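*Asks:* Quick one: the structure is below, and I'll ask about it shortly.
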Amino acid sequence: MDTPEVDVVVVGGGIIGLATAYQITRRFPDHQVVVLEKEKVLAQHQSGRNSGVLHSGIYYQPGSLKATNCRDGRQAMQTFCEQNEIPHEVCGKVIVATEESELGRLDEIYRRGQKSGIECTKLDGDQLRTLEPYCHGIAAIQVKSAGIVDYRRVCFRLCEMILDAGGEIHTGARLLGVSQQNKQIVVETSQGEFRTSLLINCAGLQSDRVAKMCGHQPQVKIVPFRGEYFELSEKSQHLCRNLIYPVPDPAFPFLGVHFSRTIFGSVHCGPNAVLAFAREGYRKWDINLRDLWDAVGYRGFQRLAAKYWNVGFEEMRRSYFRSVFLASLQRLIPAVRAEDLIAAPSGIRAQALRADGSLEDDFVIQKEGNFIHVLNAPSPAATASLNIGAIIADHSAEVLDA
């Protein structure tokens with residue numbers, strides 16, 4: 001049987017891979033695009049397990065890939081949802097300082113927002129309570145452009161549009177090997193081989209391993225952090241009207257335990273951030289020895305753990321003791337009680353870590369000849385996905401226009 005020859009192979013059927021394939025089919029309508037997804041259903045990992053927030057980009061360093069792509073990507077995502085009748089709502093959010101020591105960081109976030117052109121307003125405690133009556137805070141920032149969306153629906157619609165444009169999507173197609181023959185890339189999968197001119201790695205939690213499989217040295221290593229959530233019971237959902245976030249710790253690219261209403265009407269509480277013992281381990285006791293050793297045996301993780309062991313210990317306490325998790329939630333909404341919390345599905349964040357122990361905070365896209373590797377695309381990547389896909393399509397032009 002002849003090996004199919006295609007122009008582009010995208011590895012990964014999450015929102016970044018699908019948005020990339022979609023943008024390439026729009027820009028290069030005469031080129032054949034194939035998406036390979038190892039799971040039987042699309043968007044099974046980060047894309048389908050996030051809190052569904054449409055981010056504004058206010059947190060990120062002005063001029064960074066995160067800041068520019070989140071701002072422009074949010075508008076692109078909102079337009080896409082409007083055009084395709086995908087449930088979404090621009091409901092706004094508040095970022096809340098609960099003590100004076102947080103006011104300096106809150107001012108810095110406001111400065112970043114102003115510099116990035118994001119509409120945001122400073123609030124005092126009384127103004128905050130007109131928006132979120134049960135929220136405790138001495139000051140806040142209101143960001144009107146933040147919202148909520150069903151990212152799974154976005155993924156499935158992107159899938160339909162790729163297929164309508166003549167692309168192919170293969171689920172249950174695990175990547176087994178990659179080699180080069182006569183300037184072509186041979187992609188071996190559990191569903192057979194493909195030959196292509198360009199391979200785009202959007203494998204998320206497995207992206208650094210896919211890069212190595214392609215013969216490249218990734219700039220970063222993926223270390224998985226599990227985010228554990230609760231939901232508010234139906235009778236206590238009135239405690240949160242929209243989105244309530246704390247002032248984040250600038251040392252970590254995590255946004256802290258927060259409250260977020262979903263497009264389905266529920267209210268998520270969380271997440272914490274603990275080392276996952278498996279890259280796709282969504283339960284506390286899911287262990288993959290290879291994944292675990294890959295993380296704890298990495299010098300970058302060892303340096304991170306040595307420097308921030310106290311933060312890691314506190315996150316573990318929050319994971320194993322509901323009372324500690326509850327206390328974190330009560331800093332924002334004191335009226336929340338233990339009986340209001342219902343366990344909800346966890347998610348895994350594919351966090352890129354450098355050998356010096358620093359957490360990579362920006363998106364990382366590494367180009368190697370006719371390979372493009374997306375090595376770090378955590379939150380707000382779903383918000384920014386259409387823009388990220390357009391950037392990758394720009395990079396693809398060097399190969400596809402040749």
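The way I read the labels, and the way they are meant: chains A, B, ... in the order of the structure tokens, residue 1 as the first residue of every chain, and ligand 1 as the first ligand shown, with later ones counted on from there.
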Quick one: everything within 10 Å of region 147-163 of chain A, counting only C-alpha atoms, minus sequence neighbours fewer than 6 positions away in the same chain. Send it as a ChimeraX atom specification.

*Replies:* /A:13-26,33-35,41-44,47-56,74,77-78,80-81,84-93,169,242-243,260-264,382-383

*Asks:* What does the distance from CA of Cys120 (chain A) to CA of Tyr60 (chain A) come to in Å, to one decimal?

*Replies:*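 Calculated distance between CA of Cys120 (chain A) and CA of Tyr60 (chain A) is 14.0 Å.
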
*Asks:* Pick the closest to Ile58 (chain A) from A:Asn370, A:Ser116, A:Ser385, A:Gln83: which is it, counting only C-alpha atoms?

*Replies:* A:Ser116

*Asks:* May I have the residues within 6 Å of Ala384 (chain A) as an mmCIF file with N, CA, C and O atoms, in the first residue's frame, using only C-alpha atoms and disregarding those fewer than 6 positions away in the same chain?

*Replies:*
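The result, written out as around_37.cif:
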data_model
loop_
_atom_site.group_PDB
_atom_site.id
_atom_site.type_symbol
_atom_site.label_atom_id
_atom_site.label_comp_id
_atom_site.auth_asym_id
_atom_site.auth_seq_id
_atom_site.Cartn_x
_atom_site.Cartn_y
_atom_site.Cartn_z
ATOM 1 N N ASN A 69 -0.918 38.130 21.759
ATOM 2 C CA ASN A 69 -1.787 37.093 21.214
ATOM 3 C C ASN A 69 -3.067 36.936 22.010
ATOM 4 O O ASN A 69 -4.117 36.617 21.453
ATOM 5 N N CYS A 70 -3.002 37.154 23.314
ATOM 6 C CA CYS A 70 -4.212 37.032 24.124
ATOM 7 C C CYS A 70 -5.177 38.169 23.800
ATOM 8 O O CYS A 70 -6.375 37.940 23.623
ATOM 9 N N GLY A 73 -6.172 37.587 20.164
ATOM 10 C CA GLY A 73 -6.812 36.277 20.077
ATOM 11 C C GLY A 73 -8.175 36.253 20.726
ATOM 12 O O GLY A 73 -9.085 35.552 20.261
#

*Asks:* Using only C-alpha atoms, pick whichever of A:Ser145, A:Gln127, A:Ser101, A:Ser190 has the shortest atom-to-atom distance to Gly113 (chain A).

*Replies:*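 Under the stated criterion, the closest residue is A:Ser145.
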
*Asks:* When distances are computed from only C-alpha atoms, which of A:Leu198, A:Ile141, A:Leu359, A:Cys240 shows the smallest separation from Val10 (chain A)?

*Replies:*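 Among the listed residues, the smallest separation from Val10 (chain A) belongs to A:Leu198.
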
*Asks:* Do you know which residues are at most 12 Å from Gln302 (chain A) counting only C-alpha atoms, after dropping those on the same chain fewer than 3 positions away, and could you put them as a PyMOL selection string?

*Replies:* chain A and resi 223+293-299+305-309+353-358

*Asks:* For the structure I just gave you, how does DSSP split region 57-173 of chain A - specifically, which residues are strand (DSSP E)? Reply as a PyMOL selection string.

*Replies:* chain A and resi 88-89+93-97+120-124+139-143+147-149+168-171

*Asks:* Give me the residues within 7 Å of Thr3 (chain A) as a list in words, counting only C-alpha atoms and dropping any in the same chain fewer than 4 places off.

*Replies:*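 Answer for this query is Glu193, Phe194 and Arg195 of chain A.
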
*Asks:* Atoms to include: N, CA, C and O atoms. Write the selected residues as a PDB file, in the first residue's frame.

*Replies:*
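The resulting again_27.pdb:
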ATOM      1  N   GLU A 193       1.765   5.041   7.792  1.00  0.00           N
ATOM      2  CA  GLU A 193       2.736   6.100   7.540  1.00  0.00           C
ATOM      3  C   GLU A 193       2.148   7.227   6.687  1.00  0.00           C
ATOM      4  O   GLU A 193       1.239   7.018   5.895  1.00  0.00           O
ATOM      5  N   PHE A 194       2.747   8.429   6.880  1.00  0.00           N
ATOM      6  CA  PHE A 194       2.451   9.588   6.045  1.00  0.00           C
ATOM      7  C   PHE A 194       3.779  10.215   5.649  1.00  0.00           C
ATOM      8  O   PHE A 194       4.727  10.240   6.445  1.00  0.00           O
ATOM      9  N   ARG A 195       3.831  10.741   4.439  1.00  0.00           N
ATOM     10  CA  ARG A 195       4.975  11.541   4.015  1.00  0.00           C
ATOM     11  C   ARG A 195       4.516  12.995   3.903  1.00  0.00           C
ATOM     12  O   ARG A 195       3.423  13.272   3.382  1.00  0.00           O
TER      13      ARG A 195
END

*Asks:* Between CA of Gly389 (chain A) and CA of Gly204 (chain A), what is the spacing in Å?

*Replies:*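 So the answer is 14.0 Å.
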
*Asks:* List every residue of region 144-369 of chain A that DSSP, applied to the backbone, labels as alpha helix (DSSP H), and write the result as an MDAnalysis selection string.

*Replies:* chainID A and resid 151:164 207:213 289:296 299:307 309:320 322:330

*Asks:* Can you work out the spacing between CA of Leu275 (chain A) and CA of Arg209 (chain A) in Å, to one decimal?

*Replies:*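 If I compute the distance from CA of Leu275 (chain A) to CA of Arg209 (chain A), I get 18.4 Å.
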